[in-house]
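Structure file run_7.cif (mmCIF, C-alpha atoms (C1' of nucleotides)) is printed below.
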```
data_final
loop_
_atom_site.label_atom_id
_atom_site.label_comp_id
_atom_site.auth_asym_id
_atom_site.auth_seq_id
_atom_site.Cartn_x
_atom_site.Cartn_y
_atom_site.Cartn_z
CA MET A 1286 97.97 157.57 11.93
CA ASP A 1287 98.54 154.71 14.37
CA VAL A 1288 96.18 152.32 16.09
CA PHE A 1289 95.39 154.74 18.91
CA ASP A 1290 94.50 157.53 16.51
CA ARG A 1291 92.29 155.28 14.46
CA GLU A 1292 90.54 153.91 17.54
CA MET A 1293 89.98 157.38 18.91
CA SER A 1294 88.55 158.80 15.73
CA ARG A 1295 86.43 155.76 14.96
CA GLU A 1296 82.70 156.17 15.12
CA THR A 1297 81.19 154.01 17.83
CA ILE A 1298 77.65 152.75 18.17
CA PHE A 1299 77.79 153.22 21.94
CA LYS A 1300 76.58 156.31 23.71
CA ASP A 1301 77.57 155.04 27.18
CA ARG A 1302 78.88 151.49 27.24
CA ASN A 1303 79.21 151.59 31.02
CA VAL A 1304 75.43 151.40 31.43
CA LEU A 1305 75.60 147.74 30.45
CA SER A 1306 78.30 146.81 32.95
CA PRO A 1307 77.27 144.47 35.76
CA HIS A 1308 78.19 147.07 38.38
CA TYR A 1309 76.03 149.82 36.98
CA LEU A 1310 73.18 150.87 39.24
CA PRO A 1311 70.22 152.20 37.25
CA ASP A 1312 68.01 154.94 38.71
CA HIS A 1313 64.96 153.00 37.81
CA LEU A 1314 64.39 149.30 38.44
CA PRO A 1315 61.53 147.96 36.33
CA HIS A 1316 59.34 145.22 37.81
CA ARG A 1317 60.73 145.64 41.30
CA GLU A 1318 58.43 148.46 42.36
CA ALA A 1319 56.54 146.26 44.80
CA GLU A 1320 59.73 144.94 46.40
CA ILE A 1321 61.19 148.44 46.73
CA GLU A 1322 58.03 149.66 48.37
CA ARG A 1323 57.93 146.76 50.81
CA ILE A 1324 61.54 147.24 51.92
CA MET A 1325 60.97 150.98 52.29
CA LYS A 1326 57.95 150.28 54.44
CA ILE A 1327 59.94 147.95 56.65
CA LEU A 1328 62.80 150.41 57.04
CA ALA A 1329 60.63 153.48 57.47
CA PRO A 1330 60.43 153.29 61.30
CA SER A 1331 64.20 153.85 61.44
CA LEU A 1332 63.65 157.46 60.33
CA LYS A 1333 61.63 158.03 63.48
CA GLY A 1334 64.29 156.42 65.60
CA LYS A 1335 62.39 153.18 65.98
CA LYS A 1336 63.87 149.78 65.26
CA PRO A 1337 62.92 148.22 61.95
CA ASN A 1338 62.54 144.49 61.44
CA ASN A 1339 65.34 142.41 60.02
CA ILE A 1340 64.86 141.30 56.43
CA PHE A 1341 65.93 138.21 54.60
CA ILE A 1342 65.89 138.31 50.81
CA TYR A 1343 66.14 135.27 48.65
CA GLY A 1344 66.27 134.99 44.86
CA LYS A 1345 68.30 133.47 42.05
CA THR A 1346 71.20 135.33 40.44
CA GLY A 1347 70.20 138.24 38.26
CA THR A 1348 66.84 138.85 39.88
CA GLY A 1349 67.81 142.31 41.07
CA LYS A 1350 68.27 141.64 44.79
CA THR A 1351 71.42 143.68 45.26
CA ALA A 1352 70.31 146.50 42.99
CA THR A 1353 66.97 146.77 44.77
CA VAL A 1354 68.50 146.89 48.24
CA LYS A 1355 71.15 149.41 47.21
CA HIS A 1356 68.44 151.50 45.64
CA VAL A 1357 66.40 151.53 48.84
CA ILE A 1358 69.46 152.34 50.94
CA ASP A 1359 70.16 155.33 48.68
CA LYS A 1360 66.62 156.52 49.24
CA LEU A 1361 66.96 155.98 52.97
CA ILE A 1362 70.07 158.16 53.06
CA GLN A 1363 68.26 160.85 51.07
CA ALA A 1364 65.37 160.73 53.52
CA LYS A 1365 67.82 160.89 56.38
CA GLU A 1366 69.13 164.24 55.05
CA LYS A 1367 65.63 165.50 54.48
CA TYR A 1368 64.25 164.64 57.90
CA ASN A 1369 67.53 164.94 59.74
CA ALA A 1370 67.14 161.40 61.04
CA ASN A 1371 69.71 159.41 62.96
CA VAL A 1372 70.27 156.49 60.58
CA GLY A 1373 73.34 154.88 59.09
CA SER A 1374 74.12 151.90 56.92
CA VAL A 1375 76.86 149.68 55.57
CA TYR A 1376 76.80 147.42 52.58
CA ILE A 1377 79.01 144.37 52.95
CA ASN A 1378 79.60 141.76 50.31
CA CYS A 1379 80.23 138.55 52.18
CA ARG A 1380 81.97 136.88 49.28
CA THR A 1381 84.98 139.05 50.03
CA HIS A 1382 84.25 139.45 53.75
CA ASN A 1383 83.34 135.92 54.61
CA ARG A 1384 84.06 135.78 58.29
CA LYS A 1385 82.58 137.34 61.38
CA TYR A 1386 85.81 139.10 62.18
CA GLN A 1387 86.13 140.70 58.76
CA ILE A 1388 82.57 141.93 58.90
CA LEU A 1389 82.99 143.46 62.34
CA LEU A 1390 86.24 145.01 61.19
CA LYS A 1391 84.57 146.58 58.19
CA ILE A 1392 81.79 148.03 60.34
CA ALA A 1393 84.27 149.37 62.89
CA GLU A 1394 86.38 150.98 60.18
CA ILE A 1395 83.35 152.79 58.82
CA LEU A 1396 82.15 153.95 62.23
CA TYR A 1397 85.62 155.15 63.25
CA PRO A 1398 87.22 156.25 59.98
CA ASP A 1399 90.28 157.71 61.71
CA GLU A 1400 91.27 154.64 63.65
CA ASN A 1401 93.20 151.60 62.63
CA PHE A 1402 91.75 148.36 63.93
CA MET A 1403 94.16 145.94 62.35
CA GLY A 1404 94.98 143.11 64.68
CA PHE A 1405 92.29 143.81 67.27
CA ALA A 1406 90.31 140.93 68.71
CA SER A 1407 86.76 140.57 67.46
CA THR A 1408 85.34 141.06 70.96
CA HIS A 1409 87.06 144.45 71.10
CA LEU A 1410 85.66 145.40 67.71
CA TYR A 1411 82.25 144.36 68.95
CA ASP A 1412 82.56 146.52 72.06
CA ARG A 1413 83.61 149.55 70.06
CA ILE A 1414 80.72 149.11 67.64
CA MET A 1415 78.30 148.80 70.54
CA ASP A 1416 79.79 151.92 72.16
CA TYR A 1417 79.25 153.88 69.01
CA ILE A 1418 75.66 152.85 68.62
CA GLN A 1419 74.91 153.30 72.30
CA ASN A 1420 76.47 156.77 72.40
CA THR A 1421 74.95 158.11 69.21
CA GLY A 1422 71.64 156.27 69.36
CA VAL A 1423 71.84 155.59 65.65
CA ILE A 1424 69.67 153.07 63.85
CA TYR A 1425 72.27 151.17 61.87
CA VAL A 1426 71.27 149.09 58.86
CA VAL A 1427 73.76 146.37 57.99
CA VAL A 1428 73.34 144.86 54.53
CA LEU A 1429 74.92 141.43 54.24
CA ASP A 1430 74.98 140.48 50.58
CA GLU A 1431 75.57 136.78 49.88
CA VAL A 1432 75.26 135.95 53.60
CA ASP A 1433 75.45 132.27 52.80
CA GLN A 1434 79.16 132.77 52.15
CA VAL A 1435 79.90 133.64 55.78
CA LYS A 1436 81.59 130.73 57.54
CA ASP A 1437 80.37 131.49 61.05
CA VAL A 1438 76.97 132.99 60.21
CA ASP A 1439 75.27 131.74 63.34
CA ASP A 1440 77.90 133.36 65.50
CA LEU A 1441 77.70 136.63 63.65
CA LEU A 1442 73.92 136.83 63.63
CA TYR A 1443 73.71 135.87 67.26
CA MET A 1444 76.23 138.56 68.14
CA LEU A 1445 74.53 141.28 66.11
CA THR A 1446 70.99 140.51 67.19
CA ARG A 1447 71.75 139.88 70.83
CA ALA A 1448 73.58 143.18 70.85
CA ASN A 1449 70.25 144.93 70.56
CA ASP A 1450 69.14 143.60 73.93
CA HIS A 1451 72.00 145.41 75.61
CA LEU A 1452 71.46 148.73 73.90
CA GLN A 1453 69.42 151.36 75.72
CA GLN A 1454 69.26 153.41 72.56
CA GLY A 1455 70.17 152.81 68.95
CA HIS A 1456 69.72 149.58 67.09
CA ILE A 1457 71.26 147.27 64.55
CA ALA A 1458 69.01 146.09 61.72
CA ILE A 1459 70.10 143.41 59.32
CA ILE A 1460 69.25 142.89 55.69
CA GLY A 1461 70.48 139.49 54.54
CA ILE A 1462 70.66 138.59 50.86
CA SER A 1463 71.21 135.10 49.51
CA ASN A 1464 70.73 133.10 46.35
CA ASN A 1465 71.09 129.77 48.06
CA VAL A 1466 67.86 128.06 49.04
CA THR A 1467 69.46 125.47 51.27
CA PHE A 1468 71.11 128.22 53.30
CA MET A 1469 68.06 128.66 55.50
CA ASP A 1470 68.03 125.01 56.50
CA LYS A 1471 71.62 125.15 57.67
CA LEU A 1472 70.94 128.10 59.95
CA ASP A 1473 70.60 127.76 63.67
CA PRO A 1474 66.87 128.02 64.50
CA ARG A 1475 67.53 131.01 66.76
CA SER A 1476 69.35 133.07 64.14
CA LYS A 1477 66.81 131.92 61.62
CA SER A 1478 63.90 133.39 63.52
CA THR A 1479 65.68 136.68 64.17
CA LEU A 1480 66.97 137.13 60.64
CA MET A 1481 63.71 136.19 59.02
CA GLN A 1482 61.37 138.59 60.76
CA GLU A 1483 60.59 139.67 57.23
CA GLU A 1484 61.16 137.28 54.38
CA MET A 1485 61.11 138.19 50.71
CA VAL A 1486 61.48 136.10 47.58
CA PHE A 1487 62.55 137.75 44.34
CA PRO A 1488 61.08 135.79 41.43
CA PRO A 1489 63.01 135.40 38.18
CA TYR A 1490 62.13 137.80 35.38
CA ASN A 1491 60.14 136.48 32.45
CA ALA A 1492 60.96 137.26 28.82
CA VAL A 1493 58.63 140.26 28.66
CA GLN A 1494 60.09 141.81 31.80
CA LEU A 1495 63.63 141.16 30.63
CA LYS A 1496 62.80 142.90 27.39
CA SER A 1497 61.66 146.06 29.13
CA ILE A 1498 64.70 146.03 31.41
CA LEU A 1499 66.96 145.69 28.41
CA SER A 1500 65.22 148.37 26.38
CA GLU A 1501 65.69 150.92 29.16
CA ARG A 1502 69.38 150.21 29.35
CA VAL A 1503 69.83 149.93 25.62
CA ALA A 1504 68.29 153.37 25.13
CA GLN A 1505 71.00 154.81 27.39
CA ALA A 1506 73.87 152.64 26.21
CA PHE A 1507 73.58 152.91 22.43
CA LYS A 1508 73.15 155.79 20.04
CA PRO A 1509 69.64 155.98 18.57
CA GLY A 1510 68.81 153.13 16.20
CA MET A 1511 72.04 151.30 16.92
CA CYS A 1512 70.39 148.30 18.54
CA LYS A 1513 67.63 146.56 16.65
CA ASP A 1514 64.48 145.61 18.45
CA SER A 1515 64.72 142.02 17.27
CA ALA A 1516 68.21 141.70 18.78
CA LEU A 1517 66.90 142.93 22.08
CA GLU A 1518 64.03 140.51 21.96
CA LEU A 1519 66.31 137.59 21.19
CA ALA A 1520 68.63 138.43 24.08
CA ALA A 1521 65.64 138.61 26.40
CA ALA A 1522 64.41 135.24 25.17
CA TYR A 1523 67.80 133.58 25.70
CA ALA A 1524 68.07 135.02 29.19
CA ALA A 1525 64.56 133.89 30.05
CA GLN A 1526 65.65 130.38 29.18
CA GLU A 1527 68.60 130.79 31.51
CA SER A 1528 66.26 131.05 34.51
CA GLY A 1529 65.39 134.73 34.05
CA ASP A 1530 68.81 136.12 34.78
CA ALA A 1531 68.95 139.84 33.96
CA ARG A 1532 72.71 139.91 34.34
CA TYR A 1533 73.02 137.30 31.64
CA ALA A 1534 70.77 139.36 29.36
CA LEU A 1535 72.93 142.43 29.88
CA LYS A 1536 76.10 140.45 29.28
CA LEU A 1537 74.66 139.20 26.01
CA ILE A 1538 73.76 142.67 24.79
CA LEU A 1539 77.10 144.09 25.87
CA ARG A 1540 79.00 141.38 24.07
CA ALA A 1541 76.78 141.66 21.01
CA GLY A 1542 77.32 145.42 21.10
CA ASP A 1543 81.09 144.95 21.11
CA ILE A 1544 80.93 142.56 18.17
CA ALA A 1545 78.69 144.92 16.21
CA ASP A 1546 80.76 147.95 17.15
CA GLU A 1547 83.87 146.29 15.79
CA LYS A 1548 82.16 146.06 12.41
CA GLY A 1549 80.48 149.43 12.71
CA GLU A 1550 77.03 147.89 12.33
CA PRO A 1551 73.91 148.29 14.44
CA VAL A 1552 73.35 145.33 16.80
CA SER A 1553 71.22 142.62 15.22
CA ASP A 1554 70.22 138.99 15.84
CA ILE A 1555 73.41 137.58 14.38
CA HIS A 1556 75.52 139.45 16.88
CA VAL A 1557 73.39 138.24 19.76
CA LYS A 1558 73.77 134.66 18.58
CA GLN A 1559 77.51 135.04 18.33
CA ALA A 1560 77.59 136.70 21.72
CA ARG A 1561 75.70 133.81 23.26
CA SER A 1562 78.33 131.31 22.30
CA ALA A 1563 81.09 133.63 23.50
CA VAL A 1564 79.36 134.41 26.79
CA GLU A 1565 78.72 130.74 27.38
CA GLU A 1566 82.38 130.01 26.87
CA ASP A 1567 83.25 132.74 29.34
CA ILE A 1568 80.90 131.28 31.89
CA VAL A 1569 82.27 127.75 31.47
CA LEU A 1570 85.82 128.98 31.77
CA ASP A 1571 84.95 131.08 34.77
CA LEU A 1572 83.14 128.28 36.58
CA ILE A 1573 85.83 125.73 35.88
CA SER A 1574 88.63 128.00 37.01
CA THR A 1575 87.16 128.11 40.52
CA LEU A 1576 86.49 124.39 40.63
CA PRO A 1577 88.52 122.30 43.10
CA GLU A 1578 90.57 119.45 41.68
CA HIS A 1579 88.27 116.50 42.23
CA PRO A 1580 85.00 118.07 41.12
CA ALA A 1581 86.90 119.12 38.00
CA ILE A 1582 87.97 115.52 37.40
CA VAL A 1583 84.40 114.35 37.85
CA LEU A 1584 83.28 116.91 35.29
CA TYR A 1585 86.04 115.78 32.98
CA ALA A 1586 84.85 112.19 33.30
CA ILE A 1587 81.32 113.27 32.42
CA ALA A 1588 82.41 115.29 29.41
CA SER A 1589 84.59 112.56 27.98
CA LEU A 1590 81.90 109.92 28.46
CA ILE A 1591 79.41 112.15 26.68
CA ARG A 1592 81.79 112.48 23.77
CA GLU A 1593 82.45 108.76 23.69
CA GLY A 1594 78.73 108.13 23.71
CA GLY A 1595 78.50 106.52 27.14
CA LYS A 1596 77.60 103.00 28.07
CA TYR A 1597 73.94 103.48 27.39
CA PRO A 1598 73.81 106.13 24.69
CA THR A 1599 70.62 108.16 24.26
CA LEU A 1600 68.58 106.03 26.56
CA GLY A 1601 64.97 107.02 26.55
CA GLY A 1602 65.68 108.71 23.23
CA GLU A 1603 64.11 112.02 24.24
CA SER A 1604 65.26 114.44 21.55
CA GLY A 1605 68.53 112.57 21.36
CA GLU A 1606 69.77 113.84 24.70
CA LYS A 1607 72.64 111.97 26.18
CA PHE A 1608 72.31 110.81 29.76
CA LEU A 1609 74.96 109.15 31.83
CA PHE A 1610 74.52 106.90 34.83
CA SER A 1611 76.01 107.86 38.14
CA GLY A 1612 77.84 104.56 38.55
CA GLU A 1613 79.24 104.68 35.06
CA VAL A 1614 80.63 108.15 35.68
CA TYR A 1615 82.19 107.10 38.98
CA GLU A 1616 84.07 104.28 37.26
CA LYS A 1617 85.35 106.71 34.66
CA TYR A 1618 86.29 109.16 37.37
CA GLU A 1619 88.36 106.51 39.15
CA LYS A 1620 90.05 105.71 35.86
CA VAL A 1621 90.90 109.34 35.14
CA CYS A 1622 92.22 109.69 38.68
CA ARG A 1623 94.59 106.78 38.13
CA GLU A 1624 95.75 108.23 34.82
CA TRP A 1625 96.45 111.57 36.42
CA ALA A 1626 98.01 110.02 39.53
CA ARG A 1627 95.36 111.26 41.95
CA LYS A 1628 93.76 109.25 44.72
CA PRO A 1629 90.05 108.89 43.95
CA ARG A 1630 87.59 110.06 46.60
CA SER A 1631 84.95 107.71 47.95
CA ALA A 1632 81.69 107.17 46.08
CA ARG A 1633 79.84 108.95 48.85
CA TRP A 1634 81.84 112.08 48.41
CA TYR A 1635 81.64 111.81 44.66
CA ARG A 1636 77.87 112.21 45.04
CA GLU A 1637 78.46 115.46 46.90
CA TYR A 1638 80.62 116.64 44.00
CA LEU A 1639 77.77 115.89 41.64
CA LYS A 1640 75.44 118.05 43.69
CA GLU A 1641 78.02 120.81 43.73
CA LEU A 1642 78.40 120.66 39.96
CA GLU A 1643 74.65 120.79 39.61
CA MET A 1644 74.38 123.85 41.85
CA MET A 1645 76.95 125.59 39.69
CA GLY A 1646 74.81 124.85 36.66
CA LEU A 1647 77.44 122.77 34.93
CA ILE A 1648 75.36 119.59 34.87
CA THR A 1649 71.75 118.64 35.42
CA LEU A 1650 70.69 115.67 37.51
CA THR A 1651 67.48 113.73 37.10
CA MET A 1652 66.36 110.78 39.16
CA SER A 1653 65.95 107.66 37.09
CA GLY A 1654 62.33 106.75 36.57
CA LYS A 1655 60.59 104.19 34.45
CA GLY A 1656 62.64 102.08 32.11
CA ILE A 1657 65.75 102.02 34.25
CA ARG A 1658 66.72 99.43 36.76
CA GLY A 1659 67.54 100.68 40.24
CA ASN A 1660 67.37 104.16 41.70
CA THR A 1661 70.06 106.35 40.26
CA GLN A 1662 70.84 109.83 39.03
CA LEU A 1663 70.94 110.53 35.33
CA ILE A 1664 73.59 113.06 34.48
CA LYS A 1665 73.47 115.55 31.66
CA LEU A 1666 76.10 118.10 30.72
CA ALA A 1667 74.84 121.68 30.43
CA PHE A 1668 77.52 122.83 28.00
CA SER A 1669 79.25 121.37 25.00
CA PRO A 1670 81.68 118.59 26.02
CA ASP A 1671 84.47 119.96 23.86
CA LYS A 1672 84.42 123.35 25.57
CA VAL A 1673 84.40 121.69 28.97
CA LEU A 1674 87.20 119.26 28.17
CA SER A 1675 89.52 121.90 26.78
CA ALA A 1676 88.81 124.20 29.72
CA ILE A 1677 89.70 121.49 32.22
CA GLU A 1678 92.77 120.39 30.30
CA LYS A 1679 93.92 123.99 30.34
CA LYS A 1680 93.32 124.13 34.09
CA PHE A 1681 95.57 121.12 34.67
CA GLU A 1682 98.14 122.49 32.15
"C1'" DC B 747 54.61 89.01 45.37
"C1'" DC B 748 59.22 88.94 46.81
"C1'" DT B 749 63.95 89.75 45.81
"C1'" DC B 750 67.64 92.10 43.90
"C1'" DC B 751 69.81 95.93 41.79
"C1'" DA B 752 72.04 100.30 41.80
"C1'" DC B 753 72.26 103.49 43.73
"C1'" DA B 754 70.70 107.94 47.28
"C1'" DG B 755 71.73 110.26 51.19
"C1'" DG B 756 71.84 110.42 56.59
"C1'" DA B 757 74.92 109.63 60.77
"C1'" DA B 758 79.10 109.10 63.01
"C1'" DG B 759 83.62 109.75 63.24
"C1'" DC B 760 88.50 111.01 61.98
"C1'" DG B 761 92.63 113.90 61.06
"C1'" DC B 762 93.92 118.29 60.26
"C1'" DA B 763 94.36 123.49 60.31
"C1'" DG B 764 93.70 127.62 62.26
"C1'" DG B 765 91.67 130.72 66.06
"C1'" DA B 766 90.40 131.66 70.74
"C1'" DG B 767 91.26 131.38 75.39
"C1'" DT B 768 94.69 131.14 79.22
"C1'" DA C 1498 103.66 128.81 74.36
"C1'" DC C 1499 100.26 125.77 75.49
"C1'" DT C 1500 95.82 123.62 75.21
"C1'" DC C 1501 91.07 123.64 73.71
"C1'" DC C 1502 87.69 124.17 70.31
"C1'" DT C 1503 85.66 124.34 65.95
"C1'" DG C 1504 84.90 123.84 61.01
"C1'" DC C 1505 86.25 121.38 56.91
"C1'" DG C 1506 86.94 117.65 53.86
"C1'" DC C 1507 86.61 113.25 53.80
"C1'" DT C 1508 85.73 107.94 54.87
"C1'" DT C 1509 82.98 104.19 56.65
"C1'" DC C 1510 78.80 102.28 57.64
"C1'" DC C 1511 74.22 102.06 57.12
"C1'" DT C 1512 69.25 102.40 55.98
"C1'" DG C 1513 66.01 103.80 52.30
"C1'" DT C 1514 63.93 103.79 47.63
"C1'" DG C 1515 61.82 102.75 43.12
"C1'" DG C 1516 61.59 99.87 39.51
"C1'" DA C 1517 63.17 95.33 37.10
"C1'" DG C 1518 63.14 90.50 37.00
"C1'" DG C 1519 61.80 86.06 38.16
#
```

Please re-express this file's structure in structure tokens.
Amino acid sequence: MDVFDREMSRETIFKDRNVLSPHYLPDHLPHREAEIERIMKILAPSLKGKKPNNIFIYGKTGTGKTATVKHVIDKLIQAKEKYNANVGSVYINCRTHNRKYQILLKIAEILYPDENFMGFASTHLYDRIMDYIQNTGVIYVVVLDEVDQVKDVDDLLYMLTRANDHLQQGHIAIIGISNNVTFMDKLDPRSKSTLMQEEMVFPPYNAVQLKSILSERVAQAFKPGMCKDSALELAAAYAAQESGDARYALKLILRAGDIADEKGEPVSDIHVKQARSAVEEDIVLDLISTLPEHPAIVLYAIASLIREGGKYPTLGGESGEKFLFSGEVYEKYEKVCREWARKPRSARWYREYLKELEMMGLITLTMSGKGIRGNTQLIKLAFSPDKVLSAIEKKFE
DNA sequence: CCTCCACAGGAAGCGCAGGAGT
DNA sequence: ACTCCTGCGCTTCCTGTGGAGG
């Protein structure tokens, strides 16, 4: 009996592990009923051949934006069959298709599945797309997930929305999804007003909501009684702390499930706690791997200063939390740069790196208030310095 | 109260790379 | 093949801000 045989014959606590994967689309989305209804209402005119409004959806990661939209699109396609309506749709993830050209190409490829558009100019793609819509009179819903990733958004939106003015029949409707608040400010006012005919904000889930989301999935993923209620509750509580991220909650339970499965035990609190540390490590590693060189060095400077205690250790003394001063970190950053034979960036740009690191959730920034001279940012590391340091050292070999 | 500190963050501009237009 | 244009990453310069210190 070899390893394969033993693994195959082993009893597992999972019924369907796949249900917990980040790509799994559940049939039922708890606590998003109102959002689903609103989007359906907005899209409903398309079934009668009328143009629906464009929608812009904003919400933090793990608030169910993508799942909700995909769910509604599924329903729209079902309704299309039922009422024999002339509607179509594409879902495009702009992280992988982050330029106007790639998006037009993707649309063209779907509209003309038998043709090869490689190497065609984007104006040609545009014309062909317009031809299709004009000739068929279809109402075409384009979902742009993570729109903020598109380099030439203004161009793209202008092109797609202005197209509608030239169409005698048919229409392009846009659903934009983003988790970046500042994205709206960077938009051209014209594209802003067209994209945001309807604006929706998806709030983060609270602990109670996360619990009910988890329990639905857990019931499908594990065999009966193989995931304790307390474990589920703990995972929900951890995720609620992490800004209500349902994806994080699912990751936790999946990881905890794997740990428990290995031992052949039902999932309990201990496994969730272990999973948390493991998932956190994954996240740190993942974030740092995509980090450009200089932000990584800045982060390294922060982590090593935290470990050394910093120039002004535990100032303020609030629960012993260690804060660093912006200037102090910049000096350290310059020093590390010299040691690693890199030319340090200017202090101005260093501040941009700090903001970037904050947006990624690697550090937290607080403006200095009472008790501190001058007006400066106080920097706190979101993860353990040792994990961060080793991850960055690994990155630089 | 004024001044100084220790920065924050806006504006302008620069060199470069890669596409679009011709 | 060539110019032109545009976005990106960055520097330089500058004005603004909130509290400390005298």

So the first atom is atom CA of Ile1414 of chain A and the second is atom CA of Thr1479 of chain A; what is the distance between them in Å, to one decimal place?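 So the answer is 19.8 Å.
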
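Atom pair atom CA of Gln1526 of chain A / atom CA of Asn1491 of chain A has a distance of 8.8 Å (rounded to one decimal).
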
Point out the residue among A:Gly1612, A:Ala1541, A:Lys1620, A:Lys1391 with the least atom-to-atom distance to chain B, counting only C-alpha atoms (C1' of nucleotides).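 The answer is A:Gly1612, which sits nearest to chain B.
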
Could you list, as a ChimeraX atom specification, the residues of chain A having an atom within 7 Å of chain C when counting all atoms listed in the file? /A:1631,1655,1658-1660

Selected residue of minimal separation from chain B among A:Leu1332, A:Ile1591, A:Ile1657, A:Ile1573, counting only C-alpha atoms (C1' of nucleotides): A:Ile1657

Using all atoms listed in the file, which residues of chain B come within 10 Å of chain A, and what is the closest atom pair for each, with the distance in Å to one decimal? Give it as JSON lines, sorted by chain and residue number.
```
{"residue": "B:DC750", "atom": "C1'", "partner": "A:Gly1659", "partner_atom": "CA", "distance": 9.3}
{"residue": "B:DC751", "atom": "C1'", "partner": "A:Gly1659", "partner_atom": "CA", "distance": 5.5}
{"residue": "B:DA752", "atom": "C1'", "partner": "A:Gly1659", "partner_atom": "CA", "distance": 4.8}
{"residue": "B:DC753", "atom": "C1'", "partner": "A:Thr1661", "partner_atom": "CA", "distance": 5.0}
{"residue": "B:DA754", "atom": "C1'", "partner": "A:Thr1661", "partner_atom": "CA", "distance": 7.2}
{"residue": "B:DG755", "atom": "C1'", "partner": "A:Arg1633", "partner_atom": "CA", "distance": 8.5}
{"residue": "B:DA766", "atom": "C1'", "partner": "A:Ala1406", "partner_atom": "CA", "distance": 9.5}
```

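Every residue that the PyMOL selection byres ((chain A and resi 1617) around 10) selects in this file is listed here: Ile1582, Val1583, Tyr1585, Ala1586, Ile1587, Ser1589, Leu1590, Gly1612, Glu1613, Val1614, Tyr1615, Glu1616, Tyr1618, Glu1619, Lys1620, Val1621, Cys1622 and Arg1623 of chain A.
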
Please report the interatomic distance between atom CA of Thr1353 of chain A and atom CA of Met1485 of chain A in Å with one decimal.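 Separation between atom CA of Thr1353 of chain A and atom CA of Met1485 of chain A: 12.0 Å.
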
With only C-alpha atoms (C1' of nucleotides) as the counted atoms, please give the residues lying no more than 12 Å from Glu1400 of chain A, apart from itself and same-chain residues fewer than 6 positions off, as a PDB file with C-alpha atoms, in the coordinates of the input.
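Final output, result20.pdb:
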```pdb
ATOM      1  CA  LEU A1390      86.240 145.010  61.190  1.00  0.00           C
ATOM      2  CA  LYS A1391      84.570 146.580  58.190  1.00  0.00           C
ATOM      3  CA  ALA A1393      84.270 149.370  62.890  1.00  0.00           C
ATOM      4  CA  GLU A1394      86.380 150.980  60.180  1.00  0.00           C
ATOM      5  CA  LEU A1410      85.660 145.400  67.710  1.00  0.00           C
ATOM      6  CA  ARG A1413      83.610 149.550  70.060  1.00  0.00           C
TER       7      ARG A1413
END
```

Quick one: residues within 9 Å of Ala1667 of chain A, all atoms listed in the file counted, chain neighbours fewer than 2 positions away excluded, as a PDB file with C-alpha atoms, in the coordinates of the input?
```pdb
ATOM      1  CA  GLY A1646      74.810 124.850  36.660  1.00  0.00           C
ATOM      2  CA  LEU A1647      77.440 122.770  34.930  1.00  0.00           C
ATOM      3  CA  ILE A1648      75.360 119.590  34.870  1.00  0.00           C
ATOM      4  CA  THR A1649      71.750 118.640  35.420  1.00  0.00           C
ATOM      5  CA  LYS A1665      73.470 115.550  31.660  1.00  0.00           C
ATOM      6  CA  SER A1669      79.250 121.370  25.000  1.00  0.00           C
ATOM      7  CA  PRO A1670      81.680 118.590  26.020  1.00  0.00           C
TER       8      PRO A1670
END
```

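Using only C-alpha atoms (C1' of nucleotides), the protein and nucleic acid residues lying at most 6 Å from the point (71.3, 150.1, 65.0) are Val1423, Ile1424, Tyr1425, Gly1455, His1456, Ile1457 and Ala1458 of chain A.
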